[in-house]
>>> print(open('final29.txt').read())   # compact mmCIF, C-alpha atoms
# COMPACT_ATOMS: atom_id res chain seq x y z
CA MET A 1375 0.00 0.00 0.00
CA TRP A 1376 2.80 2.41 0.88
CA ALA A 1377 4.54 1.87 -2.45
CA THR A 1378 1.32 2.45 -4.39
CA THR A 1379 0.55 5.60 -2.40
CA PHE A 1380 4.05 6.95 -2.99
CA LEU A 1381 3.83 6.26 -6.75
CA LEU A 1382 0.47 8.03 -6.92
CA ALA A 1383 1.99 11.02 -5.12
CA LEU A 1384 4.92 11.18 -7.56
CA ARG A 1385 2.56 10.90 -10.53
CA GLU A 1386 0.49 13.80 -9.26
CA ILE A 1387 3.61 15.91 -8.66
CA ARG A 1388 4.86 15.19 -12.21
CA ARG A 1389 1.52 16.23 -13.69
CA HIS A 1390 2.08 19.80 -12.45
CA LEU A 1391 5.87 20.23 -12.38
CA LEU A 1392 5.93 24.02 -12.42
CA ARG A 1393 3.27 24.31 -9.72
CA SER A 1394 5.06 21.69 -7.63
CA PHE A 1395 8.36 23.58 -7.94
CA LEU A 1396 6.76 26.88 -6.96
CA THR A 1397 5.08 25.11 -4.04
CA ILE A 1398 8.36 23.81 -2.59
CA LEU A 1399 10.30 27.02 -3.31
CA GLY A 1400 9.63 28.31 0.20
CA ILE A 1401 11.00 25.06 1.70
CA VAL A 1402 14.05 25.21 -0.60
CA ILE A 1403 14.83 28.80 0.41
CA GLY A 1404 14.21 28.07 4.09
CA VAL A 1405 16.48 25.01 4.25
CA TRP A 1406 19.13 26.78 2.15
CA ALA A 1407 19.09 29.87 4.38
CA VAL A 1408 19.20 27.92 7.67
CA VAL A 1409 22.01 25.55 6.65
CA THR A 1410 24.04 28.30 4.95
CA MET A 1411 23.79 30.69 7.90
CA VAL A 1412 24.69 28.04 10.47
CA THR A 1413 27.55 26.58 8.39
CA LEU A 1414 29.11 30.00 7.72
CA GLY A 1415 28.53 30.94 11.37
CA ASN A 1416 30.39 27.83 12.51
CA GLY A 1417 33.20 28.72 10.13
CA ALA A 1418 33.33 32.26 11.53
CA THR A 1419 33.48 30.86 15.08
CA ALA A 1420 36.36 28.57 14.10
CA ALA A 1421 38.16 31.47 12.41
CA VAL A 1422 37.81 33.66 15.52
CA LYS A 1423 39.12 30.83 17.69
CA GLU A 1424 42.11 30.32 15.40
CA GLN A 1425 42.93 34.02 15.25
CA ILE A 1426 42.72 34.47 19.01
CA SER A 1427 44.77 31.32 19.61
CA SER A 1428 47.47 32.84 17.40
CA LEU A 1429 48.01 35.36 20.21
CA GLY A 1430 49.09 32.44 22.38
CA ALA A 1431 47.35 29.75 24.42
CA ASN A 1432 46.74 30.74 28.07
CA VAL A 1433 48.66 33.98 27.64
CA LEU A 1434 48.20 37.16 29.69
CA GLN A 1435 49.32 40.38 28.00
CA VAL A 1436 50.08 43.21 30.42
CA ARG A 1437 50.16 46.81 29.15
CA PRO A 1438 50.33 50.22 30.83
CA GLY A 1439 47.05 52.17 30.94
CA GLN A 1440 43.48 51.01 31.53
CA GLY A 1441 42.76 49.89 27.96
CA PHE A 1442 44.60 49.13 24.76
CA GLY A 1443 46.03 52.64 24.78
CA ARG A 1444 47.66 54.60 27.58
CA GLY A 1445 44.41 56.03 28.91
CA GLY A 1446 42.64 59.36 28.92
CA GLY A 1447 43.91 62.92 29.18
CA GLY A 1448 45.78 62.49 32.49
CA PRO A 1449 49.49 61.79 32.94
CA GLN A 1450 50.76 58.83 30.97
CA PRO A 1451 51.29 55.73 33.12
CA PRO A 1452 54.90 54.51 33.16
CA ASP A 1453 56.05 51.55 31.12
CA PHE A 1454 57.43 48.43 32.78
CA LYS A 1455 61.04 47.61 33.64
CA ILE A 1456 63.07 44.46 33.03
CA GLU A 1457 63.11 44.00 36.82
CA ASP A 1458 59.33 43.52 36.65
CA ILE A 1459 59.90 40.58 34.30
CA ASP A 1460 62.31 38.95 36.77
CA ALA A 1461 59.90 39.56 39.67
CA ILE A 1462 56.96 37.94 37.84
CA ARG A 1463 59.06 34.93 36.88
CA SER A 1464 60.38 34.35 40.40
CA GLN A 1465 57.40 35.32 42.59
CA ILE A 1466 54.27 34.00 40.83
CA VAL A 1467 53.55 30.27 40.82
CA GLY A 1468 52.04 28.76 37.66
CA VAL A 1469 53.90 30.98 35.19
CA THR A 1470 55.76 29.04 32.48
CA ALA A 1471 57.26 31.96 30.54
CA VAL A 1472 57.57 35.75 30.84
CA ALA A 1473 58.56 37.72 27.76
CA PRO A 1474 59.10 41.48 27.40
CA LEU A 1475 57.98 43.18 24.20
CA VAL A 1476 59.83 46.33 23.14
CA GLN A 1477 58.40 47.70 19.90
CA SER A 1478 59.79 49.93 17.21
CA SER A 1479 59.31 50.33 13.49
CA GLY A 1480 61.64 50.98 10.59
CA THR A 1481 62.54 50.25 7.01
CA ALA A 1482 64.30 46.98 6.22
CA VAL A 1483 66.64 47.10 3.22
CA TYR A 1484 68.24 44.27 1.27
CA ASN A 1485 69.95 45.07 -2.02
CA ALA A 1486 67.39 47.09 -4.04
CA ALA A 1487 64.37 45.96 -2.03
CA ASN A 1488 63.00 47.76 1.02
CA TRP A 1489 60.01 47.27 3.29
CA SER A 1490 58.61 49.16 6.31
CA THR A 1491 57.93 46.73 9.11
CA THR A 1492 57.43 46.28 12.86
CA ILE A 1493 60.40 45.41 15.07
CA ASN A 1494 59.77 43.50 18.29
CA GLY A 1495 62.49 43.13 20.86
CA THR A 1496 61.95 40.16 23.17
CA ASN A 1497 63.62 37.17 24.83
CA ARG A 1498 63.63 33.39 24.36
CA ASP A 1499 60.47 32.98 26.46
CA TYR A 1500 58.53 34.71 23.67
CA PHE A 1501 58.68 31.52 21.62
CA VAL A 1502 57.17 29.58 24.52
CA ALA A 1503 54.25 32.01 24.87
CA GLN A 1504 53.67 32.44 21.11
CA PRO A 1505 52.90 29.38 18.94
CA TRP A 1506 55.36 30.22 16.15
CA THR A 1507 56.62 27.61 13.69
CA PHE A 1508 60.06 28.01 12.12
CA THR A 1509 60.59 27.32 8.42
CA GLY A 1510 64.34 27.66 8.81
CA GLY A 1511 67.07 28.68 11.22
CA ARG A 1512 66.78 28.98 15.00
CA ILE A 1513 65.88 31.29 17.87
CA PHE A 1514 68.56 33.52 19.35
CA SER A 1515 70.76 31.97 22.00
CA GLU A 1516 70.91 33.07 25.63
CA ALA A 1517 74.34 34.61 25.01
CA GLU A 1518 73.02 36.61 22.03
CA GLU A 1519 70.07 37.75 24.13
CA GLN A 1520 72.20 38.92 27.05
CA ALA A 1521 74.74 40.64 24.80
CA GLY A 1522 72.04 42.37 22.75
CA LYS A 1523 73.57 41.06 19.55
CA ALA A 1524 72.10 42.26 16.23
CA VAL A 1525 70.50 39.00 15.13
CA CYS A 1526 67.03 38.83 13.58
CA ILE A 1527 64.18 36.40 12.98
CA ILE A 1528 61.88 37.56 10.20
CA GLY A 1529 58.23 36.87 9.40
CA ASN A 1530 56.98 35.53 6.10
CA THR A 1531 55.83 38.93 4.78
CA VAL A 1532 59.28 40.47 5.33
CA ARG A 1533 60.97 37.44 3.77
CA THR A 1534 58.71 37.61 0.69
CA ARG A 1535 59.13 41.37 0.22
CA LEU A 1536 62.90 41.43 0.58
CA PHE A 1537 64.20 38.02 -0.48
CA ARG A 1538 61.43 36.56 -2.68
CA ASP A 1539 62.52 32.95 -3.40
CA GLU A 1540 65.97 33.36 -1.88
CA ASP A 1541 66.80 31.67 1.45
CA PRO A 1542 67.55 34.57 3.85
CA VAL A 1543 69.04 32.54 6.72
CA GLY A 1544 72.68 33.53 7.24
CA LYS A 1545 72.39 36.74 5.20
CA ARG A 1546 72.62 40.29 6.51
CA PHE A 1547 70.27 43.19 5.84
CA ARG A 1548 69.77 46.67 7.26
CA ILE A 1549 66.94 47.49 9.60
CA LYS A 1550 66.87 51.20 10.42
CA ASN A 1551 70.60 51.93 10.83
CA ILE A 1552 71.58 48.46 12.04
CA SER A 1553 73.20 45.70 10.06
CA CYS A 1554 71.42 42.57 11.22
CA GLU A 1555 72.15 38.89 10.64
CA ILE A 1556 69.10 36.73 9.88
CA ILE A 1557 69.20 33.56 11.96
CA GLY A 1558 65.63 32.30 11.44
CA THR A 1559 62.44 32.55 9.38
CA LEU A 1560 58.88 32.09 10.65
CA ALA A 1561 56.00 30.22 9.04
CA SER A 1562 53.02 32.24 7.88
CA LYS A 1563 50.22 32.96 10.36
CA GLY A 1564 48.11 35.27 8.22
CA GLN A 1565 45.78 37.94 9.53
CA GLY A 1566 45.56 38.38 13.29
CA GLY A 1567 42.48 38.65 15.48
CA PHE A 1568 42.50 42.46 15.14
CA GLY A 1569 43.08 42.66 11.38
CA ASN A 1570 46.88 43.04 11.58
CA ASP A 1571 49.38 41.12 9.45
CA GLN A 1572 51.13 38.82 11.92
CA ASP A 1573 53.81 37.93 9.38
CA ASP A 1574 54.99 41.54 8.96
CA ILE A 1575 57.45 41.32 11.82
CA VAL A 1576 61.16 41.30 12.73
CA LEU A 1577 62.16 39.75 16.07
CA MET A 1578 65.39 40.75 17.84
CA PRO A 1579 66.83 40.43 21.37
CA TYR A 1580 65.18 43.12 23.48
CA LYS A 1581 68.52 44.61 24.60
CA ALA A 1582 69.50 45.24 20.98
CA VAL A 1583 66.24 47.11 20.33
CA GLN A 1584 66.53 49.10 23.58
CA ARG A 1585 70.12 50.17 23.00
CA ARG A 1586 70.08 50.80 19.27
CA MET A 1587 66.50 51.86 18.50
CA THR A 1588 64.40 53.07 21.44
CA GLY A 1589 67.25 54.36 23.61
CA SER A 1590 65.30 53.35 26.71
CA ARG A 1591 65.19 50.40 29.11
CA ASP A 1592 61.37 50.59 29.28
CA VAL A 1593 59.20 47.62 28.32
CA ARG A 1594 55.90 48.36 26.59
CA THR A 1595 54.22 44.96 26.95
CA ILE A 1596 54.75 41.88 29.10
CA MET A 1597 53.57 38.48 27.89
CA VAL A 1598 52.93 35.94 30.65
CA SER A 1599 52.33 32.32 29.69
CA VAL A 1600 50.20 30.47 32.25
CA ASP A 1601 50.37 26.75 33.03
CA ALA A 1602 47.05 25.18 31.94
CA ASN A 1603 46.88 23.25 35.25
CA TYR A 1604 46.64 26.50 37.25
CA ASP A 1605 43.68 28.81 37.72
CA SER A 1606 44.12 31.76 35.37
CA GLN A 1607 42.01 34.04 37.58
CA ALA A 1608 44.19 33.34 40.62
CA ILE A 1609 47.35 34.05 38.64
CA GLN A 1610 45.84 37.29 37.31
CA SER A 1611 45.03 38.35 40.87
CA SER A 1612 48.59 37.58 42.03
CA LEU A 1613 50.01 39.39 39.02
CA ARG A 1614 47.85 42.45 39.68
CA ASP A 1615 48.91 42.57 43.36
CA LEU A 1616 52.59 42.23 42.46
CA LEU A 1617 52.51 44.97 39.83
CA ARG A 1618 50.56 47.33 42.09
CA GLN A 1619 53.21 46.84 44.76
CA ARG A 1620 56.10 47.38 42.33
CA ARG A 1621 54.41 50.46 40.82
CA HIS A 1622 53.78 51.90 44.31
CA LEU A 1623 50.01 52.22 43.99
CA ASN A 1624 48.13 52.83 47.25
CA ALA A 1625 44.96 50.94 48.19
CA THR A 1626 42.58 53.59 46.79
CA ALA A 1627 44.42 54.15 43.49
CA GLU A 1628 43.15 52.51 40.33
CA ASP A 1629 45.35 50.18 38.31
CA ASP A 1630 47.53 52.04 35.83
CA PHE A 1631 47.94 48.88 33.77
CA ASN A 1632 45.62 46.31 32.19
CA ILE A 1633 45.78 42.53 31.92
CA PHE A 1634 44.50 41.11 28.64
CA ASP A 1635 43.50 37.43 28.91
CA THR A 1636 43.48 35.81 25.45
CA ARG A 1637 41.49 32.78 26.67
CA GLN A 1638 38.67 34.89 28.07
CA ILE A 1639 38.53 36.98 24.90
CA SER A 1640 38.39 33.78 22.83
CA GLU A 1641 35.53 32.37 24.89
CA THR A 1642 33.61 35.67 24.74
CA LEU A 1643 34.00 36.07 20.98
CA GLN A 1644 33.10 32.43 20.33
CA GLY A 1645 29.97 32.80 22.49
CA THR A 1646 29.00 35.98 20.64
CA THR A 1647 29.41 34.43 17.18
CA GLN A 1648 27.44 31.34 18.25
CA ILE A 1649 24.57 33.51 19.51
CA LEU A 1650 24.55 35.49 16.26
CA THR A 1651 24.60 32.23 14.29
CA SER A 1652 21.63 30.88 16.25
CA LEU A 1653 19.79 34.17 15.76
CA LEU A 1654 20.36 34.16 12.01
CA GLY A 1655 19.34 30.50 11.83
CA ALA A 1656 16.11 31.23 13.72
CA VAL A 1657 15.28 34.13 11.39
CA ALA A 1658 15.97 31.99 8.34
CA ALA A 1659 13.76 29.21 9.76
CA VAL A 1660 10.74 31.53 9.42
CA SER A 1661 10.87 30.99 5.65
CA LEU A 1662 10.33 27.28 6.32
CA LEU A 1663 7.01 28.12 7.92
CA VAL A 1664 6.16 30.28 4.92
CA GLY A 1665 6.97 27.31 2.69
CA GLY A 1666 4.69 25.12 4.80
CA ILE A 1667 1.82 27.57 4.32
CA GLY A 1668 2.46 27.42 0.56
CA ILE A 1669 2.22 23.62 0.62
CA MET A 1670 -1.07 23.74 2.55
CA ASN A 1671 -2.49 26.30 0.13
CA ILE A 1672 -1.64 24.23 -2.96
CA MET A 1673 -2.86 21.01 -1.36
CA LEU A 1674 -6.23 22.64 -0.61
CA VAL A 1675 -6.43 23.72 -4.26
CA SER A 1676 -5.53 20.16 -5.29
CA VAL A 1677 -8.31 18.70 -3.12
CA THR A 1678 -10.81 21.03 -4.78
CA GLU A 1679 -9.57 20.14 -8.28
CA ARG A 1680 -9.66 16.40 -7.56
CA THR A 1681 -12.96 16.23 -5.72
CA ARG A 1682 -14.53 14.00 -8.38
CA GLU A 1683 -11.48 11.69 -8.37
CA ILE A 1684 -11.77 11.38 -4.60
CA GLY A 1685 -15.47 10.60 -4.89
CA ILE A 1686 -14.78 7.79 -7.40
CA ARG A 1687 -12.13 6.24 -5.15
CA LEU A 1688 -14.45 6.34 -2.16
CA ALA A 1689 -17.35 4.90 -4.23
CA ILE A 1690 -15.35 1.88 -5.43
CA GLY A 1691 -14.24 0.89 -1.95
CA ALA A 1692 -11.37 3.11 -0.80
CA VAL A 1693 -11.60 3.99 2.87
CA ALA A 1694 -11.13 7.52 4.23
CA ARG A 1695 -7.78 6.55 5.80
CA GLU A 1696 -6.33 5.66 2.38
CA VAL A 1697 -7.44 8.97 0.87
CA LEU A 1698 -5.96 10.86 3.82
CA LEU A 1699 -2.71 8.93 3.47
CA GLN A 1700 -2.49 9.68 -0.26
CA PHE A 1701 -2.70 13.46 0.20
CA LEU A 1702 -0.48 13.41 3.28
CA VAL A 1703 2.23 11.48 1.39
CA GLU A 1704 2.01 14.02 -1.44
CA ALA A 1705 2.57 16.89 0.98
CA VAL A 1706 5.49 15.13 2.74
CA THR A 1707 7.06 14.17 -0.62
CA LEU A 1708 6.91 17.79 -1.77
CA ALA A 1709 8.47 18.98 1.50
CA CYS A 1710 11.25 16.36 1.37
CA LEU A 1711 12.07 17.22 -2.23
CA GLY A 1712 12.29 20.87 -1.19
CA GLY A 1713 14.54 19.90 1.73
CA LEU A 1714 16.92 17.93 -0.52
CA LEU A 1715 17.13 20.76 -3.06
CA GLY A 1716 17.73 23.24 -0.22
CA LEU A 1717 20.58 21.10 1.20
CA LEU A 1718 22.21 20.82 -2.24
CA LEU A 1719 21.93 24.57 -2.81
CA ALA A 1720 23.34 25.25 0.69
CA LEU A 1721 26.34 22.98 0.05
CA ILE A 1722 27.15 24.76 -3.21
CA SER A 1723 26.71 28.26 -1.76
CA THR A 1724 28.76 27.61 1.40
CA LEU A 1725 31.60 26.09 -0.62
CA ALA A 1726 31.56 29.24 -2.78
CA LEU A 1727 31.12 31.81 0.01
CA ALA A 1728 33.57 30.39 2.59
CA PRO A 1729 36.72 31.39 0.65
CA VAL A 1730 35.23 34.82 -0.13
CA LEU A 1731 34.51 35.47 3.57
CA LYS A 1732 37.88 33.90 4.51
CA VAL A 1733 36.35 31.39 6.91
CA PRO A 1734 36.87 27.61 6.87
CA PHE A 1735 34.16 25.35 5.44
CA ILE A 1736 32.96 23.08 8.24
CA PHE A 1737 30.36 20.51 7.22
CA ASP A 1738 27.87 20.06 10.05
CA ALA A 1739 25.94 16.81 9.56
CA GLN A 1740 23.69 17.59 12.52
CA ILE A 1741 22.28 20.87 11.17
CA ASN A 1742 21.79 19.28 7.72
CA LEU A 1743 19.85 16.40 9.25
CA ILE A 1744 17.81 18.71 11.48
CA ALA A 1745 16.89 20.97 8.52
CA PHE A 1746 15.80 17.99 6.42
CA VAL A 1747 13.74 16.41 9.23
CA PHE A 1748 12.16 19.78 9.99
CA SER A 1749 11.17 20.19 6.34
CA ALA A 1750 9.53 16.74 6.43
CA LEU A 1751 7.65 17.70 9.61
CA ILE A 1752 6.48 20.86 7.86
CA GLY A 1753 4.96 18.62 5.18
CA VAL A 1754 3.20 16.50 7.81
CA VAL A 1755 1.86 19.46 9.80
CA PHE A 1756 0.71 21.61 6.88
CA GLY A 1757 -0.40 18.68 4.73
CA TYR A 1758 -2.60 17.08 7.37
CA PHE A 1759 -5.48 19.58 7.17
CA PRO A 1760 -5.93 19.33 3.36
CA ALA A 1761 -5.58 15.52 3.59
CA ARG A 1762 -8.20 15.33 6.31
CA ARG A 1763 -10.52 17.54 4.27
CA ALA A 1764 -10.15 15.18 1.30
CA ALA A 1765 -10.81 12.12 3.46
CA SER A 1766 -13.97 13.63 4.97
CA LEU A 1767 -15.69 14.30 1.62
CA ASN A 1768 -19.10 12.69 1.08
CA PRO A 1769 -18.76 10.25 -1.88
CA ILE A 1770 -22.16 11.12 -3.38
CA GLU A 1771 -21.55 14.91 -3.23
CA ALA A 1772 -18.01 14.40 -4.55
CA LEU A 1773 -19.32 12.47 -7.58
CA ARG A 1774 -21.74 15.29 -8.37
CA HIS A 1775 -18.90 17.85 -8.28
CA GLU A 1776 -18.09 19.43 -11.63
>>> encode(input="final29.txt", output="structure tokens")
Amino acid sequence: MWATTFLLALREIRRHLLRSFLTILGIVIGVWAVVTMVTLGNGATAAVKEQISSLGANVLQVRPGQGFGRGGGGPQPPDFKIEDIDAIRSQIVGVTAVAPLVQSSGTAVYNAANWSTTINGTNRDYFVAQPWTFTGGRIFSEAEEQAGKAVCIIGNTVRTRLFRDEDPVGKRFRIKNISCEIIGTLASKGQGGFGNDQDDIVLMPYKAVQRRMTGSRDVRTIMVSVDANYDSQAIQSSLRDLLRQRRHLNATAEDDFNIFDTRQISETLQGTTQILTSLLGAVAAVSLLVGGIGIMNIMLVSVTERTREIGIRLAIGAVAREVLLQFLVEAVTLACLGGLLGLLLALISTLALAPVLKVPFIFDAQINLIAFVFSALIGVVFGYFPARRAASLNPIEALRHE
């Protein structure tokens, strides 16, 4: 019986192909919109997570001021000292690495090529806190760090701009007014979490940058890598107390520095993107309901058109349950066809849009299954009333219908 009912439903759909397509268009658009929004949203969440993780896993970044800048119109808060680095390393439990960051900028020159770039002075702990991968060479040694030797590690953007296909390790180039030996090259990281090019960078021992570029022993940023087995909040509290003591802040004074927790930012941004994804998916799901109303409307028209056919079936022995099942299967078949077309369209559009939006394509089997099942349920819910109306027709009155 089921096979016969399904074949009858397909035959009726084929009789009015254009009307059938227009009927399921709302379902197609609804499934396409829901799956596309959720898939791209998941890709955006993954991209945010990857970009934030590029700042370092379980890393606290400490800067002077109460925000990303130095603060409002009052006196500028002082930078940190190298002694602060030593104090953090020796007095706070759960810290795996402490790296100073002394920044400058300048033009790098090699032969006829030149490129303006960012120069970061740091120590060996920086490579513990930051997940950098080397494509060649090495990090600077402890002796080179302590002596402030002019050795450099360059990012992929600098390497491409100055050396193109040439291996730069072991060569010398000028950065500002310093002749620097390249001892390592970094793998590409791409765009950072704040839109910056992470590969446009030159790393040097912090003493070399202080002596030859900034002319100051001040440290602009401190990077603190936290052991994953320790409570980050407790370490932040200890770090805040230590820095307040070293910066001679009394009990009523506000902090003149800020602690930026990359893990908390990652969790917050991921939560925000997931909420936005759910919101967009819910809005897109409304079109599924519109598609269901379209199916009910066309099925009611179909019942009216086929009243005489229904009367003949009832007169020759068909029971009301079989008539109801026939129209219900038609409605569910239409909805399922719309769901399948919507899934196919969503797959094509997400594969095309993901590279444009620069987010990874992440196939989510769960949302695809949910969208398809929901489209089938739409067919059941909105097809039941027309099917019931067909099954409740009086055979004699149906036969008289013109």
>>> closest_residue(input="final29.txt", among="A:Asp1592, A:Glu1704, A:Asp1605, A:Asp1460", to="A:Pro1438", atoms="all atoms listed in the file")
A:Asp1592
>>> atom_distance(input="final29.txt", atom1="atom CA of A:Ile1462", atom2="atom CA of A:Gln1477")
20.5 Å
>>> atom_distance(input="final29.txt", atom1="atom CA of A:Ala1739", atom2="atom CA of A:Phe1756")
25.8 Å
>>> closest_residue(input="final29.txt", among="A:Leu1727, A:Val1502, A:Ile1493, A:Ile1466", to="A:Ser1599", atoms="only C-alpha atoms")
A:Val1502
>>> closest_atom_pairs(input="final29.txt", of="stretch 1507-1601 of chain A", to="stretch 1482-1490 of chain A", cutoff="10 Å", atoms="only C-alpha atoms", output="tab-separated table")
residue	atom	partner	partner_atom	distance
A:Thr1531	CA	A:Trp1489	CA	9.4
A:Val1532	CA	A:Trp1489	CA	7.1
A:Arg1533	CA	A:Trp1489	CA	9.9
A:Arg1535	CA	A:Trp1489	CA	6.7
A:Leu1536	CA	A:Ala1487	CA	5.4
A:Phe1537	CA	A:Tyr1484	CA	7.6
A:Arg1538	CA	A:Ala1487	CA	9.9
A:Lys1545	CA	A:Tyr1484	CA	9.5
A:Arg1546	CA	A:Tyr1484	CA	7.9
A:Phe1547	CA	A:Tyr1484	CA	5.1
A:Arg1548	CA	A:Val1483	CA	5.1
A:Ile1549	CA	A:Ala1482	CA	4.3
A:Lys1550	CA	A:Ala1482	CA	6.5
A:Asn1551	CA	A:Ala1482	CA	9.2
A:Ile1552	CA	A:Ala1482	CA	9.4
A:Ser1553	CA	A:Val1483	CA	9.6
A:Cys1554	CA	A:Ala1482	CA	9.8
A:Asp1574	CA	A:Ser1490	CA	8.8
A:Ile1575	CA	A:Ser1490	CA	9.7
A:Val1576	CA	A:Ala1482	CA	9.2
>>> atom_distance(input="final29.txt", atom1="atom CA of A:Met1587", atom2="atom CA of A:Pro1452")
18.9 Å
>>> closest_residue(input="final29.txt", among="A:Lys1523, A:Arg1393, A:Lys1581, A:His1622", to="A:Ile1556", atoms="only C-alpha atoms")
A:Lys1523
>>> closest_residue(input="final29.txt", among="A:Val1593, A:Ile1752, A:Val1408, A:Leu1725", to="A:Phe1454", atoms="all atoms listed in the file")
A:Val1593
>>> residues_around(input="final29.txt", residues="stretch 1606-1611 of chain A", least_positions_apart="5", cutoff="12 Å", atoms="all atoms listed in the file", output="list in words")
Ala1431, Asn1432, Val1433, Leu1434, Gln1435, Val1436, Ile1462, Arg1463, Gln1465, Ile1466, Val1467, Gly1468, Val1469, Thr1470, Val1598, Ser1599, Val1600, Asp1601, Leu1616, Leu1617, Arg1618, Asn1632, Ile1633, Phe1634, Asp1635, Thr1636, Arg1637 and Gln1638 of chain A
>>> closest_residue(input="final29.txt", among="A:Val1733, A:Val1476, A:Ile1557, A:Met1670", to="A:Ala1420", atoms="all atoms listed in the file")
A:Val1733
>>> axis_aligned_box(input="final29.txt", around="stretch 1653-1657 of chain A", padding_each_side="4 Å", output="AutoDock Vina command-line options")
--center_x 17.8 --center_y 32.3 --center_z 13.6 --size_x 13.1 --size_y 11.7 --size_z 12.4
>>> residues_near_point(input="final29.txt", point="(26.4, 23.4, 3.9)", cutoff="10 Å", atoms="all atoms listed in the file", output="PyMOL selection string")
chain A and resi 1406-1414+1716-1725+1735-1739+1741-1742
>>> residues_around(input="final29.txt", residues="stretch 1394-1396 of chain A", least_positions_apart="4", cutoff="10 Å", atoms="all atoms listed in the file", output="MDAnalysis selection string")
chainID A and resid 1386:1390 1400:1402 1665 1668:1669 1672 1708 1711:1712
>>> write_last_selection(input="final29.txt", atoms="C-alpha atoms", output="mmCIF file, keeping the file's coordinate frame")
data_model
loop_
_atom_site.group_PDB
_atom_site.id
_atom_site.type_symbol
_atom_site.label_atom_id
_atom_site.label_comp_id
_atom_site.auth_asym_id
_atom_site.auth_seq_id
_atom_site.Cartn_x
_atom_site.Cartn_y
_atom_site.Cartn_z
ATOM 1 C CA GLU A 1386 0.490 13.800 -9.260
ATOM 2 C CA ILE A 1387 3.610 15.910 -8.660
ATOM 3 C CA ARG A 1388 4.860 15.190 -12.210
ATOM 4 C CA ARG A 1389 1.520 16.230 -13.690
ATOM 5 C CA HIS A 1390 2.080 19.800 -12.450
ATOM 6 C CA GLY A 1400 9.630 28.310 0.200
ATOM 7 C CA ILE A 1401 11.000 25.060 1.700
ATOM 8 C CA VAL A 1402 14.050 25.210 -0.600
ATOM 9 C CA GLY A 1665 6.970 27.310 2.690
ATOM 10 C CA GLY A 1668 2.460 27.420 0.560
ATOM 11 C CA ILE A 1669 2.220 23.620 0.620
ATOM 12 C CA ILE A 1672 -1.640 24.230 -2.960
ATOM 13 C CA LEU A 1708 6.910 17.790 -1.770
ATOM 14 C CA LEU A 1711 12.070 17.220 -2.230
ATOM 15 C CA GLY A 1712 12.290 20.870 -1.190
#
>>> closest_residue(input="final29.txt", among="A:Thr1507, A:Ile1456, A:Gln1700, A:Ala1461", to="A:Asp1573", atoms="all atoms listed in the file")
A:Thr1507
>>> residues_around(input="final29.txt", residues="stretch 1583-1586 of chain A", least_positions_apart="4", cutoff="6 Å", atoms="only C-alpha atoms", output="list in words")
Gly1495, Ser1590 and Arg1591 of chain A
>>> residues_around(input="final29.txt", residues="A:Ile1513", least_positions_apart="4", cutoff="8 Å", atoms="all atoms listed in the file", output="PDB file with C-alpha atoms, in the coordinates of the input")
ATOM      1  CA  ARG A1498      63.630  33.390  24.360  1.00  0.00           C
ATOM      2  CA  ILE A1527      64.180  36.400  12.980  1.00  0.00           C
ATOM      3  CA  ILE A1557      69.200  33.560  11.960  1.00  0.00           C
ATOM      4  CA  GLY A1558      65.630  32.300  11.440  1.00  0.00           C
TER       5      GLY A1558
END
